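The next block holds one structure in the form of structure tokens; read it before the comments.
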Amino acid sequence: MSIETDVVIIGAGPSGLFQVFELGLLGIRAHVVDSLPRVGGQCATLYPDKPIYDIPALPVCSAQELIDRLLAQIKPFAPTFHLGQEVVELEPLDDECFRLTTAKGAVFGTRAVVIAGGLGSFQPRRLRVPGAQRHEGQRLHYKVTDKERLRGKRLVILGGGDAALDWALELADIAARVTLVHRREEFRGAPASVTRLKHLAAERPDRVAWLIGQIRGLVEQGDELTGIKLESLGGESHTLPLDDLLVFYGLSPDLGPIARWGLAIDKRQIKVDTEKFETSLPGVFAVGDINVYPGKKKLILSGFHEAALAAFAIQKRLNPEVKQYLQYTTTSPIMHERLGVSGVL
Ligand code: FAD
């Protein structure tokens with residue numbers, strides 16, 4: 001049986017969540033589908049404990065707090081979430097509607113679609129050494145969901161990007177020892193983080209270290225991962241003991257099924273205009289990290305702006321005869337009613 005609705009949002013990251021809000025202000029309800037079992041996209045999955053500093057009017061908040069705040073903000077609009085199911089098919093129908101199908105067999109009939117799919121069905125790049133897979137979720141991790149679990153541990157972090165550097169800095173205070181291993185001298189991450197890490201390593205060599213080398217294998221005792229085999233730039237081999245191994249090799253961008261929906265794509269991103277953030281298929285919009293247009297910056301605030309304009313375009317599509325007015329949330333009685341704040345000073 002098909003769920004009939006006005007809008008389906010694909011992706012429950014920050015852009016998809018704020019899309020619910022912007023549509024809600026205009027009186028439009030949405031269903032939200034995400035392949036992950038929880039809302040929050042990259043924020044909740046990849047860096048929930050890390051601080052974000054560039055959300056307007058929020059000088060600092062953790063990534064998870066941002067998601068929690070977005071959930072609180074959209075509460076009046078009661079979106080229906082369908083989590084743990086990837087949208088695998090999007091099919092335009094004759095009546096300007098769309099049929100969406102998820103991998104679990106749920107079917108939606110909808111008048112508009114917003115793809116807020118971020119990096120697509122993203123997966124962290126895996127460590128490619130024999131036996132790595134069987135330690136995943138034990139002592140080998142591709143994300144940190146509970147940093148307290150790492151307290152007092154000897155940690156080895158692999159990678160040279162922001163995630164590897166940021167976690168090395170953040171965990172330096174709680175781990176017994178943090179060793180960052182990168183395959184070459186140049187880091188991809190922020191130069192300020194590299195400088196901080198090198199300072200820390202010089203100040204507290206017993207707690208923080210960084211090494212240049214290639215991982216060549218794992219050291220195991222019974223079923224347990226207890227170290228890694230490293231080859232230095234000069235070709236010497238040595239082993240590095242550890243309690244936990246954190247691998248931050250980045251994400252492999254993979255649009256997944258979205259690539260097969262016939263939308264205009266440029267380098268694995270969906271092309272949109274900058275007036276409505278509509279794709280090459282009228283009625284299908286794309287906001288957040290998944291879209292591309294001249295000057296695009298993959299920032300959370302870009303997704304917020306795009307969601308606002310897409311909402312107006314969707315309102316026009318759903319109700320072409322209704323004249324659109326820009327209303328302020330401060331003063332609009334209809335918006336107060338929708339927000340459930342009528343009569344509140
Ligand atoms: P995402 O957060 O990627 O969410 C997309 C969602 O869509 C995912 O949950 C995915 O599962 C789902 N999805 C994809 N395809 C499908 C499908 N077919 N069916 C169902 N679901 C699907 N940005 C900032 O502005 N400031 C920062 O300080 C900052 N720090 C960062 C630090 C790190 C370590 C990282 C990795 C990113 C950082 N970013 C930061 C970037 C920011 O997280 C992204 O710009 C933001 O998450 C994009 O939001 P989104 O909603 O567009 O996509």
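As shown in the structure tokens, the chain order sets the letters A, B, ...; within each chain, residues go from 1, and ligands are also counted from 1 in the order they appear.
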Exercise for review: Run DSSP on the backbone and grab whatever in region 81-287 of chain A lands in strand (DSSP E or B); send it over as a count of residues only.
Suggested key: 84
**Study point:** Picked from region 107-280 of chain A by DSSP as helix (DSSP H, G or I), as an NGL selection string
**Key:** :A and (132-135 or 147-150 or 162-171 or 191-203 or 256-260)
Output file for the selection above: N, CA and C atoms, as a compact mmCIF listing (two decimals), in the first residue's frame:
```
# COMPACT_ATOMS: atom_id res chain seq x y z
N ALA A 132 41.09 -7.02 8.75
CA ALA A 132 40.56 -5.79 9.39
C ALA A 132 39.07 -5.93 9.70
N GLN A 133 38.34 -6.51 8.77
CA GLN A 133 36.88 -6.52 8.92
C GLN A 133 36.41 -7.20 10.20
N ARG A 134 37.12 -8.26 10.61
CA ARG A 134 36.60 -8.98 11.79
C ARG A 134 36.81 -8.20 13.09
N HIS A 135 37.60 -7.12 13.06
CA HIS A 135 37.77 -6.31 14.29
C HIS A 135 36.85 -5.09 14.34
N LYS A 147 33.01 8.81 23.33
CA LYS A 147 34.44 8.98 23.56
C LYS A 147 34.87 8.52 24.96
N GLU A 148 33.90 8.46 25.88
CA GLU A 148 34.24 7.98 27.24
C GLU A 148 34.75 6.54 27.21
N ARG A 149 34.29 5.77 26.23
CA ARG A 149 34.73 4.38 26.11
C ARG A 149 36.22 4.28 25.82
N LEU A 150 36.78 5.41 25.34
CA LEU A 150 38.20 5.42 24.96
C LEU A 150 39.10 5.98 26.07
N ASP A 162 40.83 16.25 8.39
CA ASP A 162 40.31 16.95 9.57
C ASP A 162 39.80 16.00 10.64
N ALA A 163 39.10 14.95 10.20
CA ALA A 163 38.52 14.06 11.21
C ALA A 163 39.63 13.41 12.04
N ALA A 164 40.69 12.93 11.37
CA ALA A 164 41.79 12.28 12.09
C ALA A 164 42.46 13.28 13.04
N LEU A 165 42.74 14.48 12.53
CA LEU A 165 43.42 15.48 13.36
C LEU A 165 42.55 15.92 14.53
N ASP A 166 41.29 16.21 14.22
CA ASP A 166 40.40 16.72 15.27
C ASP A 166 40.22 15.70 16.38
N TRP A 167 40.07 14.43 15.99
CA TRP A 167 39.89 13.41 17.03
C TRP A 167 41.17 13.20 17.81
N ALA A 168 42.31 13.29 17.13
CA ALA A 168 43.58 13.14 17.86
C ALA A 168 43.67 14.23 18.93
N LEU A 169 43.31 15.47 18.55
CA LEU A 169 43.38 16.58 19.51
C LEU A 169 42.37 16.40 20.63
N GLU A 170 41.18 16.01 20.25
CA GLU A 170 40.11 15.91 21.24
C GLU A 170 40.37 14.75 22.23
N LEU A 171 40.91 13.65 21.72
CA LEU A 171 41.08 12.49 22.59
C LEU A 171 42.38 12.55 23.40
N PRO A 191 45.67 23.49 8.67
CA PRO A 191 47.03 23.72 9.15
C PRO A 191 47.08 24.05 10.65
N ALA A 192 46.06 24.76 11.15
CA ALA A 192 46.06 25.10 12.58
C ALA A 192 46.01 23.83 13.43
N SER A 193 45.26 22.84 12.99
CA SER A 193 45.16 21.58 13.75
C SER A 193 46.50 20.84 13.70
N VAL A 194 47.16 20.89 12.53
CA VAL A 194 48.46 20.22 12.41
C VAL A 194 49.44 20.85 13.40
N THR A 195 49.45 22.19 13.42
CA THR A 195 50.36 22.91 14.33
C THR A 195 50.06 22.53 15.78
N ARG A 196 48.78 22.50 16.13
CA ARG A 196 48.41 22.17 17.52
C ARG A 196 48.86 20.77 17.89
N LEU A 197 48.68 19.85 16.95
CA LEU A 197 49.07 18.47 17.23
C LEU A 197 50.58 18.38 17.43
N LYS A 198 51.33 19.08 16.58
CA LYS A 198 52.80 19.00 16.70
C LYS A 198 53.26 19.64 18.01
N HIS A 199 52.60 20.72 18.41
CA HIS A 199 52.93 21.35 19.71
C HIS A 199 52.67 20.38 20.85
N LEU A 200 51.47 19.76 20.80
CA LEU A 200 51.11 18.82 21.87
C LEU A 200 52.12 17.68 21.95
N ALA A 201 52.52 17.17 20.78
CA ALA A 201 53.47 16.04 20.75
C ALA A 201 54.81 16.47 21.34
N ALA A 202 55.19 17.74 21.10
CA ALA A 202 56.47 18.22 21.65
C ALA A 202 56.37 18.45 23.17
N GLU A 203 55.18 18.94 23.60
CA GLU A 203 54.99 19.25 25.02
C GLU A 203 54.79 18.01 25.87
N GLY A 256 24.86 6.16 -4.78
CA GLY A 256 23.99 4.99 -4.62
C GLY A 256 22.89 5.03 -5.65
N PRO A 257 21.68 4.65 -5.24
CA PRO A 257 20.59 4.54 -6.21
C PRO A 257 20.23 5.88 -6.87
N ILE A 258 20.53 6.99 -6.19
CA ILE A 258 20.15 8.32 -6.71
C ILE A 258 20.75 8.54 -8.11
N ALA A 259 21.92 7.96 -8.35
CA ALA A 259 22.60 8.15 -9.64
C ALA A 259 21.79 7.56 -10.80
N ARG A 260 20.84 6.68 -10.48
CA ARG A 260 20.10 6.00 -11.56
C ARG A 260 18.73 6.64 -11.82
```
Kindly assemble as a tab-separated table a list of the chain A residues that lie within 7 Å of ligand 1, each paired with its nearest atom pair and their distance in Å to one decimal, using only C-alpha atoms and all ligand atoms, sorted first by chain and then by ascending residue number.
```
residue	atom	partner	partner_atom_place_in_ligand_line	distance
A:Ile10	CA	ligand 1	20 (C)	5.2
A:Gly11	CA	ligand 1	7 (O)	3.3
A:Ala12	CA	ligand 1	6 (C)	5.1
A:Gly13	CA	ligand 1	51 (O)	3.4
A:Pro14	CA	ligand 1	51 (O)	4.1
A:Ser15	CA	ligand 1	51 (O)	3.7
A:Gly16	CA	ligand 1	51 (O)	5.3
A:Val33	CA	ligand 1	20 (C)	5.4
A:Asp34	CA	ligand 1	21 (N)	3.4
A:Ser35	CA	ligand 1	21 (N)	4.1
A:Leu36	CA	ligand 1	11 (O)	4.8
A:Val39	CA	ligand 1	9 (O)	6.4
A:Gly40	CA	ligand 1	9 (O)	6.1
A:Gly41	CA	ligand 1	9 (O)	3.3
A:Gln42	CA	ligand 1	2 (O)	3.9
A:Cys43	CA	ligand 1	43 (O)	5.1
A:Leu46	CA	ligand 1	36 (C)	6.0
A:Tyr47	CA	ligand 1	34 (C)	5.4
A:Ile52	CA	ligand 1	28 (O)	4.3
A:Tyr53	CA	ligand 1	28 (O)	5.9
A:Asp54	CA	ligand 1	26 (N)	5.6
A:Ile55	CA	ligand 1	25 (O)	6.9
A:Gln85	CA	ligand 1	20 (C)	6.0
A:Glu86	CA	ligand 1	19 (N)	3.5
A:Val87	CA	ligand 1	19 (N)	3.8
A:Val88	CA	ligand 1	18 (N)	5.8
A:Ala116	CA	ligand 1	52 (O)	5.3
A:Gly117	CA	ligand 1	7 (O)	3.4
A:Gly118	CA	ligand 1	53 (O)	3.1
A:Leu119	CA	ligand 1	3 (O)	5.1
A:Gly120	CA	ligand 1	14 (C)	3.9
A:Ser121	CA	ligand 1	15 (N)	4.3
A:Phe122	CA	ligand 1	10 (C)	6.7
A:Asp162	CA	ligand 1	34 (C)	6.3
A:Ala163	CA	ligand 1	34 (C)	4.7
A:Leu255	CA	ligand 1	15 (N)	6.7
A:Gly256	CA	ligand 1	18 (N)	6.4
A:Pro257	CA	ligand 1	18 (N)	5.8
A:Ile258	CA	ligand 1	18 (N)	5.8
A:Val287	CA	ligand 1	52 (O)	6.3
A:Gly288	CA	ligand 1	52 (O)	3.3
A:Asp289	CA	ligand 1	52 (O)	4.1
A:Ile290	CA	ligand 1	52 (O)	6.0
A:Lys298	CA	ligand 1	45 (O)	4.8
A:Leu299	CA	ligand 1	25 (O)	3.6
A:Ile300	CA	ligand 1	25 (O)	3.8
A:Leu301	CA	ligand 1	25 (O)	5.8
A:Gly303	CA	ligand 1	52 (O)	5.9
```
Store the residues of this selection in a file with N, CA and C atoms, as a compact mmCIF listing (two decimals), in the first residue's frame.
```txt
# COMPACT_ATOMS: atom_id res chain seq x y z
N ILE A 10 14.20 12.99 1.22
CA ILE A 10 15.13 11.85 1.30
C ILE A 10 16.38 12.33 2.02
N GLY A 11 16.57 11.87 3.24
CA GLY A 11 17.75 12.27 4.02
C GLY A 11 17.33 13.06 5.25
N ALA A 12 17.78 12.57 6.41
CA ALA A 12 17.43 13.23 7.69
C ALA A 12 18.66 13.86 8.32
N GLY A 13 19.56 14.39 7.48
CA GLY A 13 20.68 15.18 7.99
C GLY A 13 20.18 16.58 8.32
N PRO A 14 21.09 17.50 8.65
CA PRO A 14 20.63 18.85 9.00
C PRO A 14 19.79 19.52 7.91
N SER A 15 20.14 19.29 6.64
CA SER A 15 19.38 19.93 5.56
C SER A 15 17.97 19.36 5.49
N GLY A 16 17.86 18.04 5.56
CA GLY A 16 16.53 17.41 5.50
C GLY A 16 15.67 17.84 6.67
N VAL A 33 12.66 10.12 4.89
CA VAL A 33 13.20 8.75 4.81
C VAL A 33 14.71 8.81 4.89
N ASP A 34 15.31 7.95 5.70
CA ASP A 34 16.78 7.90 5.74
C ASP A 34 17.24 6.45 5.82
N SER A 35 18.34 6.18 5.13
CA SER A 35 18.85 4.81 5.13
C SER A 35 19.50 4.45 6.45
N LEU A 36 19.93 5.47 7.21
CA LEU A 36 20.55 5.19 8.50
C LEU A 36 19.45 4.95 9.55
N VAL A 39 18.37 9.73 12.94
CA VAL A 39 18.40 11.01 12.22
C VAL A 39 19.74 11.70 12.49
N GLY A 40 20.06 12.69 11.66
CA GLY A 40 21.23 13.52 11.95
C GLY A 40 22.33 13.48 10.91
N GLY A 41 22.24 12.58 9.92
CA GLY A 41 23.22 12.55 8.83
C GLY A 41 24.65 12.50 9.34
N GLN A 42 25.52 13.24 8.66
CA GLN A 42 26.96 13.23 9.02
C GLN A 42 27.17 13.69 10.46
N CYS A 43 26.38 14.69 10.89
CA CYS A 43 26.58 15.25 12.23
C CYS A 43 26.46 14.16 13.29
N LEU A 46 29.07 10.83 12.07
CA LEU A 46 30.52 10.92 11.95
C LEU A 46 31.19 11.72 13.04
N TYR A 47 30.47 12.74 13.57
CA TYR A 47 31.17 13.57 14.55
C TYR A 47 30.23 14.16 15.62
N ILE A 52 30.78 22.54 16.73
CA ILE A 52 30.59 23.31 15.49
C ILE A 52 30.54 24.78 15.90
N TYR A 53 31.22 25.62 15.14
CA TYR A 53 31.31 27.04 15.51
C TYR A 53 30.66 27.97 14.49
N ASP A 54 30.16 27.43 13.38
CA ASP A 54 29.69 28.35 12.34
C ASP A 54 28.21 28.21 12.03
N ILE A 55 27.42 27.97 13.09
CA ILE A 55 25.98 28.02 12.93
C ILE A 55 25.54 29.40 13.43
N GLN A 85 15.82 2.81 6.07
CA GLN A 85 15.45 2.34 4.73
C GLN A 85 15.89 3.31 3.65
N GLU A 86 16.67 2.75 2.76
CA GLU A 86 17.19 3.55 1.65
C GLU A 86 16.12 3.69 0.58
N VAL A 87 16.00 4.91 0.03
CA VAL A 87 15.10 5.07 -1.12
C VAL A 87 15.84 4.57 -2.34
N VAL A 88 15.31 3.54 -2.97
CA VAL A 88 16.04 2.92 -4.08
C VAL A 88 15.48 3.32 -5.45
N ALA A 116 17.77 15.34 0.08
CA ALA A 116 18.73 15.96 1.01
C ALA A 116 19.70 14.86 1.42
N GLY A 117 20.24 14.19 0.41
CA GLY A 117 20.97 12.94 0.63
C GLY A 117 22.44 13.08 0.95
N GLY A 118 22.91 14.31 1.19
CA GLY A 118 24.30 14.50 1.62
C GLY A 118 25.30 13.92 0.65
N LEU A 119 26.10 13.01 1.14
CA LEU A 119 27.11 12.38 0.30
C LEU A 119 26.56 11.13 -0.36
N GLY A 120 25.25 10.97 -0.29
CA GLY A 120 24.64 9.75 -0.81
C GLY A 120 24.63 8.72 0.29
N SER A 121 24.55 7.48 -0.11
CA SER A 121 24.58 6.42 0.90
C SER A 121 26.05 6.23 1.27
N PHE A 122 26.51 7.10 2.15
CA PHE A 122 27.97 7.15 2.36
C PHE A 122 28.47 6.06 3.27
N ASP A 162 40.83 16.25 8.39
CA ASP A 162 40.31 16.95 9.57
C ASP A 162 39.80 16.00 10.64
N ALA A 163 39.10 14.95 10.20
CA ALA A 163 38.52 14.06 11.21
C ALA A 163 39.63 13.41 12.04
N LEU A 255 26.73 8.10 -4.68
CA LEU A 255 25.34 8.53 -4.76
C LEU A 255 24.37 7.37 -4.57
N GLY A 256 24.86 6.16 -4.78
CA GLY A 256 23.99 4.99 -4.62
C GLY A 256 22.89 5.03 -5.65
N PRO A 257 21.68 4.65 -5.24
CA PRO A 257 20.59 4.54 -6.21
C PRO A 257 20.23 5.88 -6.87
N ILE A 258 20.53 6.99 -6.19
CA ILE A 258 20.15 8.32 -6.71
C ILE A 258 20.75 8.54 -8.11
N VAL A 287 18.79 19.66 -1.89
CA VAL A 287 19.38 20.65 -0.98
C VAL A 287 20.52 20.00 -0.19
N GLY A 288 21.40 20.86 0.30
CA GLY A 288 22.50 20.38 1.15
C GLY A 288 23.66 19.85 0.33
N ASP A 289 24.47 19.03 0.98
CA ASP A 289 25.74 18.57 0.38
C ASP A 289 25.57 17.87 -0.96
N ILE A 290 24.38 17.37 -1.23
CA ILE A 290 24.22 16.54 -2.44
C ILE A 290 24.11 17.37 -3.71
N LYS A 298 29.91 23.31 0.68
CA LYS A 298 29.25 22.25 1.46
C LYS A 298 29.31 22.58 2.93
N LEU A 299 28.44 23.48 3.34
CA LEU A 299 28.34 23.88 4.74
C LEU A 299 26.90 23.70 5.19
N ILE A 300 26.73 23.50 6.47
CA ILE A 300 25.38 23.30 7.00
C ILE A 300 24.51 24.51 6.68
N LEU A 301 25.07 25.70 6.84
CA LEU A 301 24.24 26.89 6.60
C LEU A 301 23.83 27.03 5.15
N GLY A 303 22.90 24.51 3.30
CA GLY A 303 21.72 23.64 3.22
C GLY A 303 20.49 24.32 3.81
```
Review point. Which neighbours of region 71-80 of chain A fall inside 8 Å, counting only C-alpha atoms, when residues of the same chain fewer than 3 positions from it are skipped, and could you give them as a ChimeraX atom specification?
Key: /A:17-18,20-21,24,29-32,67-68,338-340
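Distances to Ile334 (chain A) were evaluated for A:Ile157, A:Val7, A:Leu25, A:Leu251 using only C-alpha atoms, and the minimum falls at A:Leu25.
A straight line drawn from CA of Phe81 (chain A) to CA of Ser2 (chain A) is 15.3 Å long.
Restricting the calculation to only C-alpha atoms, the smallest distance between Thr5 (chain A) and any of A:Gln315, A:Thr330, A:Thr110, A:Ser342 is found for A:Thr110.
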